[in-house]
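S.K.: Dropping the structure in here first, questions after.
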Amino acid sequence: MKGRSWVGDVLWYAGAIALALWVLAPIYLIGLLAFSPRMAVYRWPRPLLPLELSVETMRFFVTATGTLAATWNSIVVALFTMILSLILGAPAGYALARFFFPGREAVRMGILMTRMFPMAILSIPLAVTFIRMGLYDTPWAVALVHTAMALPFVILITASVFTAIPRDLEEAAMTLGCSPLSAFLRISLPLALPGLAAAALFTFVISWNEVFAAAILTLRQRTLPALVITVLNESPLYFRFAGGFFMVAPALVILLIIRRYLFHLWGVSGR
């Protein structure tokens with residue numbers, strides 16, 4: 001039994017290391033080439049160690065036409081998506097966690113099934129609708145679509161977060177004179193804040209990385225991923241590496257911030 005346990009541990013750690021290398025190796029190589037001189041990108045064989053660091057490539061990307069404006073658009077879209085998703089998703093998640101009603105599980109499944117519709121099918125109707133509404137080629141149109149994409153995640157995540165908080169705490173607060181709203185604001189909301197914050201940052205990452213809807217719904221007001229993808233074929237190789245690292249870095253930072261809240265993010269399984 002001890003031998004089997006030792007072999008199992010070795011296989012588990014070997015699999016975890018292989019998976020980590022599979023994910024981190026491309027990020028490392030992109031970052032290495034993004035902070036190398038522009039001509040170093042074409043060098044072969046490419047060194048795997050940072051022998052010659054330079055901000056020349058990143059400076060070229062940041063100062064390229066449209067990069068800063070597209071970055072600002074991405075930030076605005078992601079923030080608006082995060083706020084609107086929490087405003088709409090958190091009450092829905094609380095209702096799913098606290099109230100029992102016929103068809104509750106069907107509602108959960110229906111919320112999840114909305115993610116089955118591919119954006120490619122919805123892109124043309126959405127573009128026509130936003131043109132008629134006067135929202136086409138604006139960050140707000142992209143933010144509305146990103147909110148629709150992120151809302152199922154936010155609802156299910158916040159439902160799990162509130163399910164993990166015992167209802168008895170709210171009931172005890174109400175026996176001491178709190179109203180239902182006051183009990184929620186004083187008891188449940190503070191306990192749920194880590195999970196809600198993690199869900200908000202997760203939504204920010206979803207919006208920041210989304211490219212298809214942003215490319216379809218904008219022409220001049222591009223977000224950063226849409227700008228990079230539209231100029232990818234005409235841009236030099238070092239521009240692509242710099243753009244890739246510039247886009248992935250904020251997501252990595254946010255994931256490092258929320259890693260300690262991942263348990264709160266998913267909560268415990270619902271009843």
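Naming scheme: A, B, ... for chains in displayed order of the structure tokens; residues 1 onward per chain; ligands 1 onward as shown.
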Out of range 130-220 of chain A, which residues get alpha helix (DSSP H) from DSSP, as a short mmCIF file (atom, residue, chain, number, x, y, z; two decimals) with C-alpha atoms, in the first residue's frame?
M.R.:
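Full text of states03.cif as output:
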data_model
loop_
_atom_site.label_atom_id
_atom_site.label_comp_id
_atom_site.auth_asym_id
_atom_site.auth_seq_id
_atom_site.Cartn_x
_atom_site.Cartn_y
_atom_site.Cartn_z
CA PHE A 130 -26.66 47.98 -32.41
CA ILE A 131 -26.58 49.90 -35.71
CA ARG A 132 -30.31 50.60 -35.36
CA MET A 133 -29.82 51.66 -31.72
CA PRO A 139 -17.35 50.54 -26.18
CA TRP A 140 -20.84 50.34 -24.66
CA ALA A 141 -22.04 47.89 -27.31
CA VAL A 142 -19.08 45.62 -26.62
CA ALA A 143 -19.65 45.95 -22.87
CA LEU A 144 -23.30 44.89 -23.21
CA VAL A 145 -22.31 41.79 -25.19
CA HIS A 146 -19.55 40.96 -22.71
CA THR A 147 -22.05 41.34 -19.87
CA ALA A 148 -24.38 38.87 -21.56
CA MET A 149 -21.44 36.47 -21.94
CA ALA A 150 -20.24 36.83 -18.35
CA LEU A 151 -23.64 36.92 -16.63
CA PRO A 152 -24.20 33.13 -16.48
CA PHE A 153 -20.83 32.69 -14.76
CA VAL A 154 -21.53 35.48 -12.29
CA ILE A 155 -25.00 34.14 -11.41
CA LEU A 156 -23.81 30.57 -10.83
CA ILE A 157 -20.69 31.66 -8.97
CA THR A 158 -22.50 34.06 -6.65
CA ALA A 159 -25.18 31.40 -6.04
CA SER A 160 -22.43 29.06 -4.84
CA VAL A 161 -20.90 31.80 -2.71
CA PHE A 162 -24.20 32.59 -0.95
CA THR A 163 -25.01 28.88 -0.58
CA ARG A 167 -28.94 30.98 6.31
CA ASP A 168 -29.08 30.60 10.10
CA LEU A 169 -26.83 33.64 10.46
CA GLU A 170 -29.37 35.88 8.72
CA GLU A 171 -32.24 34.35 10.70
CA ALA A 172 -30.37 34.94 13.96
CA ALA A 173 -29.79 38.58 13.00
CA MET A 174 -33.51 39.00 12.23
CA THR A 175 -34.45 37.61 15.65
CA PRO A 180 -34.14 41.01 5.98
CA LEU A 181 -32.29 43.70 4.04
CA SER A 182 -30.29 44.78 7.09
CA ALA A 183 -29.42 41.16 7.88
CA LEU A 189 -22.68 40.57 2.22
CA PRO A 190 -19.45 41.00 4.26
CA LEU A 191 -18.95 37.22 4.31
CA ALA A 192 -19.54 37.02 0.57
CA LEU A 193 -17.26 39.91 -0.38
CA PRO A 194 -14.14 37.77 -1.09
CA GLY A 195 -16.12 35.54 -3.44
CA LEU A 196 -17.86 38.51 -5.08
CA ALA A 197 -14.52 40.25 -5.57
CA ALA A 198 -13.08 37.13 -7.16
CA ALA A 199 -16.13 36.83 -9.43
CA ALA A 200 -15.75 40.49 -10.42
CA LEU A 201 -12.09 40.08 -11.31
CA PHE A 202 -12.87 36.88 -13.18
CA THR A 203 -15.45 38.85 -15.19
CA PHE A 204 -12.82 41.52 -15.88
CA VAL A 205 -10.50 38.86 -17.31
CA ILE A 206 -13.28 37.44 -19.52
CA SER A 207 -13.99 40.88 -20.97
CA TRP A 208 -10.32 41.82 -21.33
CA ASN A 209 -9.50 38.69 -23.35
CA PHE A 212 -14.60 38.06 -31.52
CA ALA A 213 -17.48 40.29 -30.44
CA ALA A 214 -15.15 43.29 -30.09
CA ALA A 215 -13.84 42.78 -33.63
CA ILE A 216 -17.35 42.46 -35.09
CA LEU A 217 -18.95 45.37 -33.23
#
S.K.: So how many Å separate CA of Ile187 in chain A and CA of Leu88 in chain A, to one decimal?
M.R.: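 Answer for the CA of Ile187 in chain A to CA of Leu88 in chain A separation: 20.6 Å.
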S.K.: Here is a test: counting only C-alpha atoms, which residue of A:Thr138, A:Phe241, A:Arg220, A:Leu256 is nearest to Val76 in chain A?
M.R.: A:Thr138
S.K.: Determine the nearest neighbour of Ala92 in chain A from the options A:Val77, A:Ile111, A:Ala249, A:Tyr238, counting only C-alpha atoms.
M.R.: A:Ile111
S.K.: Of the candidates A:Arg186, A:Arg59, A:Arg108, A:Arg98, which shows the shortest atom-to-atom distance to Ser36 in chain A, using only C-alpha atoms?
M.R.: A:Arg59
S.K.: If we count only C-alpha atoms and set the cut-off at 12 Å, which residues sit around Tyr28 in chain A, ignoring sequence neighbours fewer than 5 positions away in its own chain? Please answer as a list in words.
M.R.: Ala20, Leu21, Trp22, Val23, Leu33, Ala34, Phe35, Leu48, Leu49, Pro50, Phe241, Gly244, Phe245, Val248, Ala249 and Leu252 of chain A
S.K.: May I have the selected residues written with C-alpha atoms, as a PDB file, in the first residue's frame?
M.R.:
ATOM      1  CA  ALA A  20       2.312  23.815 -15.400  1.00  0.00           C
ATOM      2  CA  LEU A  21       5.111  23.688 -17.980  1.00  0.00           C
ATOM      3  CA  TRP A  22       2.570  23.307 -20.779  1.00  0.00           C
ATOM      4  CA  VAL A  23       0.859  26.524 -19.642  1.00  0.00           C
ATOM      5  CA  LEU A  33      10.866  37.832 -26.889  1.00  0.00           C
ATOM      6  CA  ALA A  34       8.726  40.810 -25.909  1.00  0.00           C
ATOM      7  CA  PHE A  35      11.605  42.157 -23.794  1.00  0.00           C
ATOM      8  CA  LEU A  48      16.058  30.220 -23.688  1.00  0.00           C
ATOM      9  CA  LEU A  49      17.636  32.535 -21.121  1.00  0.00           C
ATOM     10  CA  PRO A  50      17.267  36.342 -21.009  1.00  0.00           C
ATOM     11  CA  PHE A 241       5.048  38.964 -29.346  1.00  0.00           C
ATOM     12  CA  GLY A 244       0.611  39.037 -26.851  1.00  0.00           C
ATOM     13  CA  PHE A 245       2.520  39.766 -23.676  1.00  0.00           C
ATOM     14  CA  VAL A 248      -1.770  38.453 -21.173  1.00  0.00           C
ATOM     15  CA  ALA A 249       0.070  40.340 -18.407  1.00  0.00           C
ATOM     16  CA  LEU A 252      -1.922  36.958 -15.078  1.00  0.00           C
TER      17      LEU A 252
END
